[in-house]
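my_file-v2.cif follows; it contains mmCIF, C-alpha atoms.
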```
data_final
loop_
_atom_site.label_atom_id
_atom_site.label_comp_id
_atom_site.auth_asym_id
_atom_site.auth_seq_id
_atom_site.Cartn_x
_atom_site.Cartn_y
_atom_site.Cartn_z
CA MET A 1 107.87 74.18 99.86
CA ARG A 2 107.64 76.94 97.26
CA SER A 3 109.28 80.31 97.08
CA ILE A 4 108.92 83.20 94.67
CA ASP A 5 110.27 86.62 93.94
CA LYS A 6 107.63 89.30 93.83
CA LYS A 7 107.35 92.92 92.85
CA PHE A 8 109.98 95.18 94.45
CA GLY A 9 112.14 92.04 94.65
CA LYS A 10 110.75 90.83 97.99
CA MET A 11 110.92 87.12 98.72
CA LEU A 12 107.85 85.22 99.90
CA ARG A 13 108.68 81.71 101.11
CA LEU A 14 105.83 79.36 101.92
CA ASP A 15 106.33 75.99 103.58
CA PHE A 16 103.04 74.15 103.42
CA ASP A 17 101.19 70.87 103.09
CA ILE A 18 97.81 70.34 101.43
CA LYS A 19 95.50 67.41 102.06
CA ASP A 20 92.07 66.97 100.41
CA ASN A 21 92.37 70.54 99.10
CA LYS A 22 92.84 71.86 102.66
CA LEU A 23 95.91 73.64 103.96
CA VAL A 24 97.04 71.38 106.80
CA TYR A 25 100.43 73.06 107.47
CA ILE A 26 101.69 76.57 106.73
CA LYS A 27 104.75 78.58 107.69
CA ILE A 28 105.23 81.94 105.99
CA SER A 29 108.64 83.59 105.85
CA GLY A 30 110.56 86.05 103.71
CA ASP A 31 111.92 89.58 103.49
CA PHE A 32 108.58 91.31 102.96
CA PHE A 33 106.85 93.71 105.38
CA ILE A 34 103.51 93.30 107.16
CA HIS A 35 102.20 96.06 109.44
CA PRO A 36 101.56 95.25 112.21
CA GLU A 37 104.12 92.44 112.20
CA ASP A 38 102.27 90.27 114.70
CA ALA A 39 99.46 89.82 112.14
CA ILE A 40 101.55 87.06 110.54
CA ASP A 41 100.63 84.65 113.36
CA ALA A 42 96.93 85.46 112.99
CA ILE A 43 97.16 85.02 109.21
CA GLU A 44 98.71 81.56 109.56
CA GLU A 45 96.07 80.58 112.10
CA LEU A 46 93.27 82.00 109.94
CA ILE A 47 94.08 79.94 106.85
CA LEU A 48 95.14 76.70 108.53
CA ASN A 49 92.77 73.79 107.83
CA LYS A 50 90.80 75.91 105.37
CA ASP A 51 89.81 74.92 101.84
CA LEU A 52 92.22 76.39 99.27
CA ASN A 53 89.31 77.96 97.41
CA ASP A 54 88.27 79.93 100.51
CA ILE A 55 91.67 81.33 101.46
CA GLU A 56 91.77 84.37 99.16
CA GLY A 57 88.41 85.62 100.46
CA LEU A 58 89.37 85.00 104.07
CA LEU A 59 92.66 86.85 103.67
CA ASN A 60 91.14 89.79 101.81
CA ASP A 61 88.50 90.20 104.53
CA TYR A 62 91.10 89.94 107.30
CA VAL A 63 93.44 92.47 105.69
CA ILE A 64 90.65 95.00 105.08
CA ASN A 65 88.86 94.56 108.41
CA ASN A 66 92.08 94.82 110.44
CA GLN A 67 93.78 97.51 108.32
CA ILE A 68 96.75 95.24 107.66
CA LYS A 69 99.35 96.62 105.27
CA ILE A 70 101.40 94.15 103.26
CA VAL A 71 104.42 95.35 101.29
CA GLY A 72 106.12 92.93 98.91
CA PHE A 73 103.31 90.62 97.77
CA SER A 74 99.55 90.69 97.28
CA VAL A 75 96.89 88.33 98.64
CA SER A 76 96.23 87.00 95.13
CA GLU A 77 99.95 86.35 94.61
CA PHE A 78 100.08 84.55 97.96
CA VAL A 79 97.17 82.32 96.98
CA SER A 80 98.60 81.65 93.53
CA VAL A 81 101.71 80.18 95.17
CA LEU A 82 99.58 77.84 97.28
CA LYS A 83 97.67 76.73 94.20
CA SER A 84 100.63 76.39 91.85
CA MET B 85 113.54 116.24 119.22
CA ARG B 86 116.13 114.13 121.03
CA LEU B 87 119.48 113.26 119.48
CA LEU B 88 120.99 110.46 121.49
CA ASN B 89 124.67 109.86 122.11
CA ASP B 90 126.20 107.16 119.88
CA ILE B 91 126.03 103.68 121.34
CA LYS B 92 128.41 100.87 120.36
CA THR B 93 127.21 97.54 121.67
CA ASN B 94 125.98 94.10 120.61
CA GLY B 95 123.04 93.32 118.32
CA ALA B 96 120.57 92.13 120.96
CA MET B 97 121.09 95.30 122.97
CA GLN B 98 120.80 97.55 119.90
CA MET B 99 117.45 95.99 119.02
CA ALA B 100 116.32 96.25 122.64
CA ILE B 101 117.32 99.94 122.80
CA ASP B 102 115.30 100.65 119.65
CA GLU B 103 112.21 99.00 121.13
CA ALA B 104 112.69 100.73 124.49
CA ILE B 105 112.96 104.15 122.82
CA LEU B 106 109.88 103.45 120.67
CA THR B 107 107.98 102.50 123.83
CA ASN B 108 109.11 105.74 125.46
CA CYS B 109 108.16 107.82 122.40
CA ILE B 110 104.63 106.40 122.47
CA LYS B 111 104.40 107.46 126.10
CA ASN B 112 106.25 110.81 126.07
CA LYS B 113 105.57 111.92 122.48
CA ILE B 114 109.11 113.20 121.84
CA PRO B 115 110.67 112.25 118.46
CA CYS B 116 114.17 110.85 118.62
CA LEU B 117 117.21 110.09 116.45
CA ARG B 118 120.19 107.92 117.27
CA PHE B 119 123.26 106.49 115.56
CA PHE B 120 125.04 103.32 116.51
CA GLU B 121 127.71 100.75 115.72
CA TRP B 122 127.75 97.01 116.27
CA GLU B 123 130.27 95.46 118.64
CA PRO B 124 130.83 92.68 117.67
CA SER B 125 129.70 92.70 114.02
CA CYS B 126 126.23 91.27 113.68
CA VAL B 127 123.84 89.65 111.23
CA THR B 128 120.26 90.79 111.70
CA ILE B 129 117.37 88.98 110.06
CA GLY B 130 114.00 90.48 109.24
CA PHE B 131 111.03 89.84 111.51
CA PHE B 132 109.50 87.38 109.03
CA GLN B 133 112.65 85.50 108.07
CA ALA B 134 113.57 81.97 109.15
CA ILE B 135 116.98 82.25 110.80
CA LYS B 136 118.19 78.77 109.81
CA LYS B 137 117.33 79.43 106.18
CA GLU B 138 119.10 82.78 106.09
CA VAL B 139 122.22 82.50 108.24
CA ASP B 140 125.11 80.01 108.55
CA LEU B 141 124.89 79.94 112.33
CA GLU B 142 127.98 77.77 112.80
CA LYS B 143 130.06 80.12 110.69
CA ALA B 144 128.76 83.16 112.56
CA LYS B 145 129.55 81.54 115.89
CA SER B 146 133.06 80.56 114.83
CA GLU B 147 133.71 84.13 113.62
CA GLY B 148 132.35 85.67 116.83
CA ILE B 149 129.53 87.40 114.97
CA ASP B 150 126.18 87.97 116.65
CA VAL B 151 122.90 86.97 115.03
CA VAL B 152 119.64 88.60 116.08
CA ARG B 153 116.13 88.92 114.74
CA ARG B 154 114.88 92.46 114.18
CA TYR B 155 111.65 94.08 115.27
CA THR B 156 111.22 95.14 111.61
CA GLY B 157 110.63 93.21 108.39
CA GLY B 158 112.97 93.13 105.42
CA GLY B 159 116.00 91.02 104.64
CA ALA B 160 119.10 89.72 106.38
CA VAL B 161 121.86 92.29 106.84
CA PHE B 162 125.51 91.85 107.82
CA HIS B 163 126.34 94.87 109.97
CA ASP B 164 130.07 95.42 109.79
CA LYS B 165 131.69 98.58 108.46
CA GLU B 166 128.70 100.88 108.56
CA LEU B 167 126.81 103.57 110.36
CA THR B 168 123.35 102.58 111.54
CA TYR B 169 120.64 105.05 112.47
CA SER B 170 117.21 104.79 114.08
CA ILE B 171 114.66 107.58 113.86
CA PHE B 172 111.41 107.67 115.83
CA LEU B 173 108.64 109.91 114.53
CA PRO B 174 104.88 110.27 115.00
CA GLU B 175 102.78 109.14 112.04
CA GLU B 176 101.38 112.66 111.80
CA MET B 177 104.85 113.83 110.67
CA VAL B 178 105.42 111.13 108.03
CA GLY B 179 101.92 110.00 107.00
CA ARG B 180 100.24 106.62 107.14
CA ASP B 181 101.30 105.44 103.68
CA ILE B 182 104.25 103.10 104.15
CA LEU B 183 105.92 103.66 100.77
CA ASP B 184 105.55 107.44 100.89
CA SER B 185 107.00 107.55 104.40
CA TYR B 186 110.09 105.58 103.34
CA ASP B 187 110.55 108.13 100.57
CA LEU B 188 110.14 111.02 103.00
CA ILE B 189 112.43 109.74 105.76
CA CYS B 190 115.10 108.54 103.33
CA GLY B 191 115.00 112.10 102.02
CA GLY B 192 116.81 113.14 105.21
CA ILE B 193 119.66 110.78 104.37
CA ILE B 194 119.75 112.02 100.78
CA LYS B 195 119.95 115.64 102.02
CA GLY B 196 122.80 114.60 104.31
CA PHE B 197 124.63 112.99 101.42
CA GLU B 198 124.13 116.17 99.38
CA LYS B 199 125.91 118.12 102.11
CA LEU B 200 128.87 115.77 101.67
CA GLY B 201 128.79 116.19 97.89
CA ILE B 202 127.34 112.73 97.24
CA LYS B 203 124.40 112.54 94.83
CA ALA B 204 122.00 109.90 96.10
CA GLU B 205 118.50 108.83 95.13
CA PHE B 206 115.63 107.00 96.81
CA LYS B 207 114.71 103.65 95.28
CA ALA B 208 111.40 102.09 96.35
CA ILE B 209 110.60 100.36 98.55
CA ASN B 210 113.30 101.12 101.05
CA ASP B 211 116.71 101.67 99.49
CA ILE B 212 119.00 104.59 98.73
CA ILE B 213 121.28 104.34 95.73
CA VAL B 214 124.41 106.14 94.59
CA ASN B 215 125.47 105.81 90.95
CA GLY B 216 122.77 103.18 90.53
CA LYS B 217 124.05 101.00 93.39
CA LYS B 218 122.55 100.43 96.83
CA ILE B 219 124.35 102.21 99.65
CA SER B 220 121.60 102.20 102.27
CA GLY B 221 118.84 99.78 103.25
CA ASN B 222 116.03 100.77 105.60
CA ALA B 223 113.17 99.13 107.51
CA GLN B 224 110.15 100.37 109.43
CA THR B 225 107.81 99.27 112.14
CA ARG B 226 104.80 101.12 113.50
CA ARG B 227 103.25 101.06 116.94
CA ASN B 228 100.45 103.23 118.34
CA ASN B 229 100.80 105.80 115.54
CA TRP B 230 104.58 106.06 115.96
CA VAL B 231 107.10 105.05 113.31
CA LEU B 232 110.51 103.56 113.94
CA GLN B 233 112.71 103.51 110.84
CA HIS B 234 116.21 102.15 111.10
CA GLY B 235 118.76 101.67 108.38
CA THR B 236 122.37 101.34 107.41
CA ILE B 237 124.84 103.54 105.56
CA LEU B 238 127.64 101.38 104.17
CA LEU B 239 131.04 102.89 104.88
CA ASP B 240 132.73 99.87 103.30
CA VAL B 241 131.49 96.47 102.21
CA ASP B 242 133.03 93.01 102.07
CA VAL B 243 130.64 90.98 99.91
CA GLU B 244 132.65 87.74 100.22
CA LYS B 245 132.54 87.91 104.01
CA MET B 246 128.85 88.77 103.91
CA PHE B 247 128.09 85.72 101.78
CA SER B 248 130.22 83.49 103.99
CA LEU B 249 127.62 84.20 106.69
CA LEU B 250 124.41 84.32 104.67
CA LYS B 251 122.83 81.30 103.05
CA VAL B 252 121.77 81.47 99.40
CA PRO B 253 118.67 79.81 97.88
CA ASP B 254 120.82 77.63 95.62
CA GLU B 255 124.49 76.86 96.39
CA LYS B 256 125.16 76.24 92.70
CA ILE B 257 124.66 79.94 91.96
CA ARG B 258 126.55 81.32 94.99
CA ASP B 259 129.45 82.71 92.92
CA LYS B 260 127.08 84.29 90.43
CA LEU B 261 125.05 85.82 93.26
CA ILE B 262 128.17 87.30 94.85
CA GLN B 263 129.07 88.87 91.51
CA VAL B 264 125.57 90.29 91.11
CA VAL B 265 125.64 91.81 94.60
CA LYS B 266 129.09 93.30 93.96
CA GLU B 267 127.65 94.98 90.89
CA ARG B 268 124.58 96.26 92.74
CA VAL B 269 125.98 97.37 96.12
CA THR B 270 128.38 100.19 96.89
CA SER B 271 129.76 102.05 99.91
CA ILE B 272 131.18 105.41 100.84
CA ARG B 273 134.72 104.00 100.33
CA HIS B 274 133.85 102.34 97.01
CA GLU B 275 132.56 105.68 95.74
CA GLY B 276 135.96 107.17 96.48
CA TYR B 277 135.15 109.08 99.65
CA ASN B 278 136.94 108.83 102.99
CA PHE B 279 134.30 110.20 105.32
CA SER B 280 134.33 108.96 108.91
CA PHE B 281 131.43 107.71 111.00
CA LYS B 282 131.35 111.19 112.59
CA ASP B 283 131.29 113.00 109.21
CA ILE B 284 128.37 110.91 107.98
CA LYS B 285 126.54 111.23 111.27
CA GLU B 286 126.80 115.02 111.28
CA ALA B 287 125.59 115.17 107.68
CA LEU B 288 122.61 112.95 108.47
CA VAL B 289 121.71 115.04 111.52
CA PHE B 290 121.70 118.04 109.18
CA GLY B 291 119.56 116.19 106.62
CA PHE B 292 117.00 114.93 109.14
CA SER B 293 116.81 118.32 110.89
CA GLU B 294 116.04 119.99 107.55
CA LEU B 295 112.97 117.75 107.30
CA PHE B 296 111.86 117.25 110.87
CA GLY B 297 113.27 120.14 112.93
CA GLU B 298 116.20 120.71 115.26
CA PHE B 299 117.55 118.05 117.59
CA GLU B 300 118.79 118.45 121.15
CA GLN B 301 121.57 116.24 122.47
CA SER B 302 120.24 113.69 124.92
CA LEU B 303 120.99 110.45 126.74
CA LEU B 304 118.93 107.30 127.21
CA THR B 305 116.63 107.79 130.17
CA LYS B 306 116.85 105.51 133.21
CA GLU B 307 113.53 104.02 132.12
CA GLU B 308 114.87 103.29 128.61
CA VAL B 309 118.04 101.68 129.98
CA GLU B 310 116.06 99.45 132.34
CA LEU B 311 113.59 98.42 129.62
CA SER B 312 116.47 97.72 127.19
CA GLU B 313 118.14 95.42 129.69
CA LYS B 314 114.85 93.64 130.31
CA LEU B 315 114.21 93.23 126.56
CA VAL B 316 117.69 91.79 125.96
CA LYS B 317 117.18 89.22 128.70
CA GLU B 318 113.59 88.31 127.96
CA LYS B 319 113.39 88.77 124.19
CA TYR B 320 116.32 89.56 121.90
CA SER B 321 118.79 87.06 123.37
CA THR B 322 116.29 84.19 123.53
CA ASN B 323 115.89 81.31 121.09
CA GLU B 324 112.13 81.78 121.36
CA TRP B 325 112.51 85.15 119.65
CA ASN B 326 115.40 84.52 117.29
CA PHE B 327 114.17 81.11 116.06
CA LYS B 328 110.49 82.05 115.91
CA ARG B 329 110.15 81.28 112.15
#
```

Take the structure in the file and write it out as C-alpha cells.
Amino acid sequence: MRSIDKKFGKMLRLDFDIKDNKLVYIKISGDFFIHPEDAIDAIEELILNKDLNDIEGLLNDYVINNQIKIVGFSVSEFVSVLKS
Amino acid sequence: MRLLNDIKTNGAMQMAIDEAILTNCIKNKIPCLRFFEWEPSCVTIGFFQAIKKEVDLEKAKSEGIDVVRRYTGGGAVFHDKELTYSIFLPEEMVGRDILDSYDLICGGIIKGFEKLGIKAEFKAINDIIVNGKKISGNAQTRRNNWVLQHGTILLDVDVEKMFSLLKVPDEKIRDKLIQVVKERVTSIRHEGYNFSFKDIKEALVFGFSELFGEFEQSLLTKEEVELSEKLVKEKYSTNEWNFKR
C-alpha cells in the first residue's frame, strides 16, 4: 500500500499488488474528485492485470476518449506511485 | 429557481434527497437551492474514500452519530454545528470547467458573507476561507449537464470531537494533526459572530440570487419524496453503498 499527498492537498491512496511487472490487485481511494464518479470502477478494471509500463498510456487514452475529469492528481502522478 | 424549505433529518436521507432533486432537475430543468441540518450529527465520506480507513465506526455508533457515503468526491466531514446547502444548476450557468465553477458558485457564499460583514475568499479547489482559515468546504457532482454542489458553513467547530470520529494516517501524529487543523479551520463563532442558522441562510440566499437569479419558495415534490425514500432504502443505508471502497 502507498499513499501520497498531491497538489491542492488531495490524498490518493493506492492499495495494490504487482507480480511479474503486472498489476494483479488495485483499489484506489482518497479525497480527490473524478467526474463522472463511476469511472473509478472502469479505471480499476482497465489497468488490472496490465503491464506497469502500459498503464500510463491506457489511462491517458481512457481519460481523453471518455472526457474524464480528474481533480487532485494526474495520470503521471498516479503511475509514479505504482512504480515507486 | 426553487428554494426548498429547510429539512432536518438523518444523513442517508439528506444524501437521498440531494440525488432525488438532481434527478428531478435533469428532467424538469428547474434550478434549485436548499439548506439543511443533520439529525443526528453525521460523518460523511467522499465517494472515493474507504470508510474503514476514514472513520472510527465503533466510536460513531457509540456516540449515536450516522456515517454515510456521499454522492460527491472529497474528504470526510463531521457535520455537527453547521449549515449545509445544496445548489442544483445547469452546466450552461456555471460552465464545464470544474475549478472555475467551484470559484463561481462559492462566490454566492462569499457575497452572502459580505452581507453579514464577513470578508471571505475562495481558495482552490473547493474551500472558502476567512482570515486565512477554512470556514466552508464544498463538493460537486455532475449528471446529464447538471451540477450539484453541496457544502458546509461552520457555525461552530469541535476539532477534538471531530478527530475522535475520524481516523488519521498515523496515530503517532494525532495530537499534532489536531493542532494543525485548529490553526487552519475556523467558524462563524470563532470569528466572533453570533449569527443563527436563519441569518446565514438568508444571507446565502441573497448571495446566490445575486449570481443566479431570484428564488421562489418551494417544497419537495411527491416524486422527489418517493425517490428519496427509495434511495435511502436501496442505496444510502446499505453496506453495499457505504462500504463500497

Report the closest atom pair, with its distance in Å rounded to one decimal, for each residue of chain A that has an atom no farther than 6 Å from chain B; count all atoms listed in the file, sort by chain and then rising residue number, and write it as JSON lines.
```
{"residue": "A:Ser29", "atom": "CA", "partner": "B:Gln133", "partner_atom": "CA", "distance": 5.0}
{"residue": "A:Gly30", "atom": "CA", "partner": "B:Gln133", "partner_atom": "CA", "distance": 4.9}
{"residue": "A:Asp31", "atom": "CA", "partner": "B:Gly158", "partner_atom": "CA", "distance": 4.2}
{"residue": "A:Phe32", "atom": "CA", "partner": "B:Gly158", "partner_atom": "CA", "distance": 5.4}
{"residue": "A:Phe33", "atom": "CA", "partner": "B:Gly157", "partner_atom": "CA", "distance": 4.9}
```

Exercise for review: Find the residues around A:Ser76 up to 8 Å (all atoms listed in the file counted), leave out those fewer than 3 positions away in its own chain, and share them as number ranges by chain.
Suggested key: A: 56, 79-80

Would you pick out the contacts of B:Leu232 at 12 Å or less, using all atoms listed in the file, so that residues sharing its chain but fewer than 5 positions from it are not included, and give the list as a compact mmCIF listing (two decimals) with C-alpha atoms, in the frame of the given file?
```txt
# COMPACT_ATOMS: atom_id res chain seq x y z
CA MET B 99 117.45 95.99 119.02
CA ILE B 101 117.32 99.94 122.80
CA ASP B 102 115.30 100.65 119.65
CA GLU B 103 112.21 99.00 121.13
CA ALA B 104 112.69 100.73 124.49
CA ILE B 105 112.96 104.15 122.82
CA LEU B 106 109.88 103.45 120.67
CA THR B 107 107.98 102.50 123.83
CA ASN B 108 109.11 105.74 125.46
CA CYS B 109 108.16 107.82 122.40
CA ILE B 110 104.63 106.40 122.47
CA PRO B 115 110.67 112.25 118.46
CA CYS B 116 114.17 110.85 118.62
CA LEU B 117 117.21 110.09 116.45
CA ARG B 118 120.19 107.92 117.27
CA ARG B 154 114.88 92.46 114.18
CA TYR B 155 111.65 94.08 115.27
CA THR B 156 111.22 95.14 111.61
CA GLY B 157 110.63 93.21 108.39
CA TYR B 169 120.64 105.05 112.47
CA SER B 170 117.21 104.79 114.08
CA ILE B 171 114.66 107.58 113.86
CA PHE B 172 111.41 107.67 115.83
CA LEU B 173 108.64 109.91 114.53
CA PRO B 174 104.88 110.27 115.00
CA GLU B 175 102.78 109.14 112.04
CA VAL B 178 105.42 111.13 108.03
CA ILE B 182 104.25 103.10 104.15
CA SER B 185 107.00 107.55 104.40
CA TYR B 186 110.09 105.58 103.34
CA ILE B 189 112.43 109.74 105.76
CA ASN B 222 116.03 100.77 105.60
CA ALA B 223 113.17 99.13 107.51
CA GLN B 224 110.15 100.37 109.43
CA THR B 225 107.81 99.27 112.14
CA ARG B 226 104.80 101.12 113.50
CA ARG B 227 103.25 101.06 116.94
```

Check your understanding: For the file shown, what are the residues hit by the PyMOL selection byres ((chain A and resi 77) around 12), laid out as number ranges by chain?
Key -> A: 3-7, 11-14, 55-56, 59-60, 70, 72-76, 78-84

Study note, to complete from the structure: In terms of only C-alpha atoms, the residue from B:Val264, B:Leu311, B:Val127, B:Ile272 at minimal distance from B:Val241 is B:Ile272

Point to revise | Output of the PyMOL selection byres ((chain B and resi 195-199) around 10), listed as JSON, numbers by chain | key: {"B": [190, 191, 192, 193, 194, 200, 201, 202, 203, 204, 205, 214, 283, 284, 285, 286, 287, 288, 289, 290, 291, 292, 293, 294, 295]}

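Atom pair atom CA of B:Asn229 / atom CA of A:Pro36 has a distance of 11.1 Å (rounded to one decimal).
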
Exercise for review: Specify as a ChimeraX atom specification each residue included when the PyMOL selection byres ((chain B and resi 248) around 10) is applied to this file.
Suggested key: /B:139-140,143-144,243-247,249-252,258

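Put simply, atom CA of B:Glu267 is 7.4 Å away from atom CA of B:Lys217.
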
Could you model N, CA and C atoms for stretch 65-83 of chain A and present them as a PDB file, in the frame of the given file?
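Written output follows (out-v5.pdb):
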```pdb
ATOM      1  N   ASN A  65      89.512  94.313 107.114  1.00  0.00           N
ATOM      2  CA  ASN A  65      88.860  94.560 108.410  1.00  0.00           C
ATOM      3  C   ASN A  65      89.840  94.980 109.500  1.00  0.00           C
ATOM      4  N   ASN A  66      91.090  94.522 109.392  1.00  0.00           N
ATOM      5  CA  ASN A  66      92.080  94.820 110.440  1.00  0.00           C
ATOM      6  C   ASN A  66      93.118  95.849 110.005  1.00  0.00           C
ATOM      7  N   GLN A  67      92.874  96.468 108.835  1.00  0.00           N
ATOM      8  CA  GLN A  67      93.780  97.510 108.320  1.00  0.00           C
ATOM      9  C   GLN A  67      95.234  97.033 108.269  1.00  0.00           C
ATOM     10  N   ILE A  68      95.407  95.805 107.792  1.00  0.00           N
ATOM     11  CA  ILE A  68      96.750  95.240 107.660  1.00  0.00           C
ATOM     12  C   ILE A  68      97.382  95.766 106.370  1.00  0.00           C
ATOM     13  N   LYS A  69      98.633  96.162 106.466  1.00  0.00           N
ATOM     14  CA  LYS A  69      99.350  96.620 105.270  1.00  0.00           C
ATOM     15  C   LYS A  69     100.451  95.626 104.928  1.00  0.00           C
ATOM     16  N   ILE A  70     100.385  95.103 103.711  1.00  0.00           N
ATOM     17  CA  ILE A  70     101.400  94.150 103.260  1.00  0.00           C
ATOM     18  C   ILE A  70     102.221  94.811 102.154  1.00  0.00           C
ATOM     19  N   VAL A  71     103.522  94.775 102.307  1.00  0.00           N
ATOM     20  CA  VAL A  71     104.420  95.350 101.290  1.00  0.00           C
ATOM     21  C   VAL A  71     105.330  94.235 100.784  1.00  0.00           C
ATOM     22  N   GLY A  72     105.224  93.948  99.478  1.00  0.00           N
ATOM     23  CA  GLY A  72     106.120  92.930  98.910  1.00  0.00           C
ATOM     24  C   GLY A  72     105.402  91.803  98.208  1.00  0.00           C
ATOM     25  N   PHE A  73     104.133  91.586  98.511  1.00  0.00           N
ATOM     26  CA  PHE A  73     103.310  90.620  97.770  1.00  0.00           C
ATOM     27  C   PHE A  73     101.843  90.966  98.000  1.00  0.00           C
ATOM     28  N   SER A  74     100.984  90.456  97.118  1.00  0.00           N
ATOM     29  CA  SER A  74      99.550  90.690  97.280  1.00  0.00           C
ATOM     30  C   SER A  74      98.877  89.392  97.736  1.00  0.00           C
ATOM     31  N   VAL A  75      97.646  89.517  98.216  1.00  0.00           N
ATOM     32  CA  VAL A  75      96.890  88.330  98.640  1.00  0.00           C
ATOM     33  C   VAL A  75      96.733  87.366  97.465  1.00  0.00           C
ATOM     34  N   SER A  76      96.428  87.894  96.283  1.00  0.00           N
ATOM     35  CA  SER A  76      96.230  87.000  95.130  1.00  0.00           C
ATOM     36  C   SER A  76      97.537  86.298  94.753  1.00  0.00           C
ATOM     37  N   GLU A  77      98.657  86.987  94.890  1.00  0.00           N
ATOM     38  CA  GLU A  77      99.950  86.350  94.610  1.00  0.00           C
ATOM     39  C   GLU A  77     100.242  85.249  95.641  1.00  0.00           C
ATOM     40  N   PHE A  78      99.899  85.536  96.885  1.00  0.00           N
ATOM     41  CA  PHE A  78     100.080  84.550  97.960  1.00  0.00           C
ATOM     42  C   PHE A  78      99.294  83.282  97.636  1.00  0.00           C
ATOM     43  N   VAL A  79      98.041  83.465  97.266  1.00  0.00           N
ATOM     44  CA  VAL A  79      97.170  82.320  96.980  1.00  0.00           C
ATOM     45  C   VAL A  79      97.647  81.569  95.734  1.00  0.00           C
ATOM     46  N   SER A  80      98.136  82.310  94.760  1.00  0.00           N
ATOM     47  CA  SER A  80      98.600  81.650  93.530  1.00  0.00           C
ATOM     48  C   SER A  80      99.776  80.718  93.818  1.00  0.00           C
ATOM     49  N   VAL A  81     100.590  81.062  94.808  1.00  0.00           N
ATOM     50  CA  VAL A  81     101.710  80.180  95.170  1.00  0.00           C
ATOM     51  C   VAL A  81     101.167  78.884  95.797  1.00  0.00           C
ATOM     52  N   LEU A  82     100.166  79.022  96.653  1.00  0.00           N
ATOM     53  CA  LEU A  82      99.580  77.840  97.280  1.00  0.00           C
ATOM     54  C   LEU A  82      98.957  76.910  96.232  1.00  0.00           C
ATOM     55  N   LYS A  83      98.389  77.520  95.198  1.00  0.00           N
ATOM     56  CA  LYS A  83      97.670  76.730  94.200  1.00  0.00           C
ATOM     57  C   LYS A  83      98.552  76.241  93.062  1.00  0.00           C
TER      58      LYS A  83
END
```
